[in-house]
Amino acid sequence: MSFTIAIQPDEIIFPNGSRQSFSDRWIAKAQELGHEVRIVDVYRNDIIEHLRECDGFMWRFPHTPFPRLFAKRLLAVVEQGLGLVVFPDWNTSWHYDDKVAQRYLLEAAGIPTAKTWIFWKREDALNFCRSANYSLVIKLAGGASSQNVRLLKDFGEAEYWLNQLFYSGVFSLERPTSTNLRVILKRLRPSARLLLKGLHPNPGFLFELQKNYLMVQEFLPNNPHDTRVTVIGNRAFAFRRFNRPDDFRASGSGNFDTDYGAIDLGFIRLGFKTARALGTQSVAIDGLYRDNECVTTEISYTYASWVVHECPGHWELEGDAESGRLIWKTGQMWPEDAIMEDFLARLKSRKKASIS
C-alpha cells in the first residue's frame, strides 16, 4: 500500500551552527519505503490545489511568528477542509509557542503544572503583584530556549514589567541596560517614527508584540535541572537538562545528560499522561519538581531532534499512564523516523477504513 505525501522543506540553523531538517529524513524515509513524495512550496497562491490529490501533508514549522501563524492556519485547513492526514495535526500544534493557551489547556486536561496566574486587566495584575510572595517567574506567551522567561525578585520588578505590558507592550523580556548615547538614540528612533509618521516598530520575523496581559508562574526552587520528556506515539524519550551557570533556567543551556537510569519515571508517566490527555502525535514536556511532585511548566510539539536521538532508548507504555507497565526499549531512534512511522500507520488505517 503506497501513498502520496506532500512535504514542505524545513531547515533550522541553531546558534552553535548545527543544522536540523525534519523534512530531509521524512523524504528519505518515505521514498525508501516506496511512497511518492511531493516537495511543495506552501507560499504558492495555489498551494491548496497542489495538496488536493495527496494523501498526507507534513510541515515541521518553527516557533518564530513567521511562518508559525501561517502554518497553523494552513495545516488546519488541509486537515479539516481537504481531509488529509497531516503532521502536526490540530491537537498537536494549535497551542505551540503559546504559553497562555497552554496554561488553560493543561489545567482543563488535569495535567499537574507549576501554578500559573494570568491577568487580563492591569488593576488585577497590580493588586496581585503587591501582595504576592516572591520570587515569581514571568513569561511571555512566545519564546524558545528560555527566551522571554525571567525571575521577578520583588514588587518593583513586577510593576515595571506589568506597566510595559499594559501600556506600550513588549517584544521581549530583555531590559535595556546600555547608557551609550548612540544605543539610546537608536532605541528612541522607533518611538520617533511612531510619533511622527504613525509607523510601528518592525521587529522582523523573530518577535511579535506582547500586550495587555501578565503571566507569572510560581518559582520552584531546588531544581538544578529539568527533565525533558518527548512522547511520540507510544514512545517516551527522556534526558535531563542542567541549568545555566548562576541561572534557574535549563532550556537552551546545552548541558544535558541522557543516562536513562537517572530519569525519574514519574516524569515519564507525566509525559504519557499529557500526550494521551491532549491527543497529540508528538509532545515534549519540561518537567520540574514541586517538592516531591512531578509537574510540567511548558509543552512543545517540536524540539532539537539530535538530542532526542542521543537517548540510548525509550520507554513504551502498557495500560494507563498512572499505573501501567513501562517497558524500556534499548536502541537510538531519530524522532523524525518515529513520526513518519506513526504517520504512515495512520494513513494505512484510514485507507483500510475507507475500503471496508
# chains A, B, ... in the order shown; residues from 1 in each chain; ligands from 1
>>> residues_around(residues="stretch 217-224 of chain A", least_positions_apart="2", cutoff="6 Å", atoms="only C-alpha atoms", output="list in words")
Lys115, Thr116, Leu136, Val137 and Asn243 of chain A
>>> write_last_selection(atoms="C-alpha atoms", output="short mmCIF file (atom, residue, chain, number, x, y, z; two decimals), in the first residue's frame")
data_model
loop_
_atom_site.label_atom_id
_atom_site.label_comp_id
_atom_site.auth_asym_id
_atom_site.auth_seq_id
_atom_site.Cartn_x
_atom_site.Cartn_y
_atom_site.Cartn_z
CA LYS A 115 0.91 27.17 39.49
CA THR A 116 0.35 29.94 36.96
CA LEU A 136 7.99 34.63 40.69
CA VAL A 137 8.72 33.68 37.10
CA ASN A 243 20.64 24.87 34.48
#
>>> residues_around(residues="A:Arg73", least_positions_apart="6", cutoff="12 Å", atoms="only C-alpha atoms", output="MDAnalysis selection string")
chainID A and resid 42 61 66:67 79:81 88:90 93:94
>>> write_last_selection(atoms="N, CA and C atoms", output="short mmCIF file (atom, residue, chain, number, x, y, z; two decimals), in the first residue's frame")
data_model
loop_
_atom_site.label_atom_id
_atom_site.label_comp_id
_atom_site.auth_asym_id
_atom_site.auth_seq_id
_atom_site.Cartn_x
_atom_site.Cartn_y
_atom_site.Cartn_z
N VAL A 42 4.65 25.95 0.30
CA VAL A 42 3.41 26.39 0.94
C VAL A 42 3.09 27.86 0.67
N PHE A 61 7.13 23.27 11.29
CA PHE A 61 7.34 24.72 11.29
C PHE A 61 7.94 25.17 12.61
N PHE A 66 6.62 34.23 11.94
CA PHE A 66 6.54 33.78 10.56
C PHE A 66 7.56 32.67 10.39
N PRO A 67 7.11 31.45 10.02
CA PRO A 67 5.81 31.14 9.44
C PRO A 67 4.80 30.50 10.39
N GLU A 79 -6.22 19.79 7.06
CA GLU A 79 -6.77 18.70 7.85
C GLU A 79 -8.30 18.69 7.82
N GLN A 80 -8.91 19.85 7.99
CA GLN A 80 -10.36 19.91 8.09
C GLN A 80 -11.04 20.09 6.74
N GLY A 81 -10.45 20.92 5.87
CA GLY A 81 -11.08 21.20 4.59
C GLY A 81 -10.83 20.14 3.54
N PRO A 88 2.13 18.53 11.86
CA PRO A 88 1.39 18.23 13.08
C PRO A 88 -0.10 18.51 12.90
N ASP A 89 -0.95 17.69 13.51
CA ASP A 89 -2.38 17.93 13.40
C ASP A 89 -2.82 18.98 14.42
N TRP A 90 -4.12 19.26 14.42
CA TRP A 90 -4.66 20.34 15.25
C TRP A 90 -4.38 20.12 16.73
N SER A 93 -0.65 20.90 17.52
CA SER A 93 0.06 22.15 17.24
C SER A 93 -0.66 23.46 17.54
N TRP A 94 -1.95 23.46 17.80
CA TRP A 94 -2.65 24.75 17.91
C TRP A 94 -2.11 25.59 19.06
#
>>> select_by_dssp(residues="stretch 185-338 of chain A", states="helix (DSSP H, G or I)", output="MDAnalysis selection string")
chainID A and resid 185:197 260:262 265:278 305:310 335:338
>>> write_last_selection(atoms="N, CA and C atoms", output="compact mmCIF listing (two decimals), in the first residue's frame")
# COMPACT_ATOMS: atom_id res chain seq x y z
N LEU A 185 19.88 56.55 21.45
CA LEU A 185 19.24 57.23 20.32
C LEU A 185 18.67 56.23 19.33
N LYS A 186 19.38 55.12 19.14
CA LYS A 186 18.89 54.08 18.23
C LYS A 186 17.58 53.49 18.74
N ARG A 187 17.50 53.31 20.06
CA ARG A 187 16.28 52.74 20.64
C ARG A 187 15.12 53.73 20.61
N LEU A 188 15.45 55.02 20.63
CA LEU A 188 14.41 56.04 20.59
C LEU A 188 13.86 56.25 19.19
N ARG A 189 14.62 55.82 18.18
CA ARG A 189 14.22 56.06 16.79
C ARG A 189 12.84 55.47 16.46
N PRO A 190 12.55 54.19 16.86
CA PRO A 190 11.21 53.66 16.57
C PRO A 190 10.09 54.48 17.21
N SER A 191 10.33 55.01 18.41
CA SER A 191 9.31 55.83 19.07
C SER A 191 9.08 57.11 18.30
N ALA A 192 10.16 57.70 17.77
CA ALA A 192 10.02 58.92 16.98
C ALA A 192 9.26 58.64 15.70
N ARG A 193 9.54 57.50 15.07
CA ARG A 193 8.82 57.14 13.83
C ARG A 193 7.34 56.95 14.11
N LEU A 194 7.04 56.32 15.26
CA LEU A 194 5.64 56.12 15.62
C LEU A 194 4.94 57.45 15.86
N LEU A 195 5.62 58.36 16.56
CA LEU A 195 5.03 59.66 16.90
C LEU A 195 4.84 60.53 15.67
N LEU A 196 5.83 60.56 14.79
CA LEU A 196 5.79 61.47 13.64
C LEU A 196 5.08 60.89 12.42
N LYS A 197 5.22 59.59 12.20
CA LYS A 197 4.69 59.00 10.97
C LYS A 197 3.64 57.92 11.21
N TYR A 260 19.58 7.08 31.13
CA TYR A 260 18.18 6.76 31.41
C TYR A 260 17.98 6.25 32.83
N GLY A 261 19.04 5.74 33.46
CA GLY A 261 18.92 5.28 34.84
C GLY A 261 18.72 6.41 35.83
N ALA A 262 19.04 7.64 35.42
CA ALA A 262 18.88 8.80 36.31
C ALA A 262 17.52 9.48 36.15
N LEU A 265 10.92 8.10 36.81
CA LEU A 265 9.86 7.57 35.97
C LEU A 265 8.54 8.32 36.17
N GLY A 266 8.47 9.10 37.24
CA GLY A 266 7.27 9.93 37.41
C GLY A 266 7.13 10.92 36.26
N PHE A 267 8.24 11.40 35.72
CA PHE A 267 8.18 12.30 34.58
C PHE A 267 7.79 11.57 33.30
N ILE A 268 8.20 10.30 33.17
CA ILE A 268 7.79 9.51 32.01
C ILE A 268 6.28 9.34 32.02
N ARG A 269 5.74 9.01 33.19
CA ARG A 269 4.29 8.86 33.29
C ARG A 269 3.57 10.19 33.03
N LEU A 270 4.16 11.28 33.50
CA LEU A 270 3.57 12.60 33.25
C LEU A 270 3.57 12.91 31.76
N GLY A 271 4.64 12.54 31.06
CA GLY A 271 4.69 12.75 29.62
C GLY A 271 3.61 11.96 28.90
N PHE A 272 3.45 10.68 29.25
CA PHE A 272 2.40 9.87 28.63
C PHE A 272 1.01 10.41 28.98
N LYS A 273 0.84 10.82 30.22
CA LYS A 273 -0.46 11.36 30.62
C LYS A 273 -0.81 12.60 29.81
N THR A 274 0.17 13.46 29.61
CA THR A 274 -0.05 14.69 28.83
C THR A 274 -0.39 14.35 27.39
N ALA A 275 0.40 13.47 26.77
CA ALA A 275 0.17 13.12 25.37
C ALA A 275 -1.20 12.50 25.16
N ARG A 276 -1.61 11.62 26.06
CA ARG A 276 -2.90 10.95 25.89
C ARG A 276 -4.07 11.89 26.18
N ALA A 277 -3.91 12.73 27.19
CA ALA A 277 -5.00 13.66 27.51
C ALA A 277 -5.22 14.66 26.38
N LEU A 278 -4.14 15.09 25.73
CA LEU A 278 -4.26 16.09 24.67
C LEU A 278 -4.42 15.48 23.29
N SER A 305 16.00 17.57 17.37
CA SER A 305 15.88 16.12 17.21
C SER A 305 17.17 15.38 17.56
N TRP A 306 18.31 16.02 17.37
CA TRP A 306 19.57 15.33 17.62
C TRP A 306 19.74 14.98 19.10
N VAL A 307 19.18 15.81 20.00
CA VAL A 307 19.29 15.49 21.43
C VAL A 307 18.43 14.27 21.75
N VAL A 308 17.22 14.21 21.17
CA VAL A 308 16.36 13.05 21.38
C VAL A 308 17.06 11.80 20.86
N HIS A 309 17.71 11.93 19.71
CA HIS A 309 18.42 10.79 19.13
C HIS A 309 19.56 10.31 20.02
N GLU A 310 20.12 11.20 20.83
CA GLU A 310 21.21 10.83 21.74
C GLU A 310 20.72 9.88 22.84
N PRO A 335 13.74 10.93 16.11
CA PRO A 335 12.31 11.25 16.28
C PRO A 335 11.58 11.44 14.96
N GLU A 336 12.29 11.93 13.95
CA GLU A 336 11.66 12.09 12.64
C GLU A 336 11.17 10.74 12.09
N ASP A 337 11.97 9.68 12.34
CA ASP A 337 11.57 8.35 11.87
C ASP A 337 10.36 7.84 12.65
N ALA A 338 10.32 8.12 13.95
CA ALA A 338 9.17 7.70 14.75
C ALA A 338 7.91 8.41 14.27
>>> closest_residue(among="A:Leu126, A:Leu209, A:Ala114, A:Leu344", to="A:Thr297", atoms="only C-alpha atoms")
A:Ala114
>>> closest_residue(among="A:Ser23, A:Thr92, A:Ser300, A:Gln332", to="A:Gln8", atoms="only C-alpha atoms")
A:Ser23
>>> closest_residue(among="A:Leu152, A:Ala304, A:Cys311, A:Val37", to="A:Arg240", atoms="only C-alpha atoms")
A:Cys311
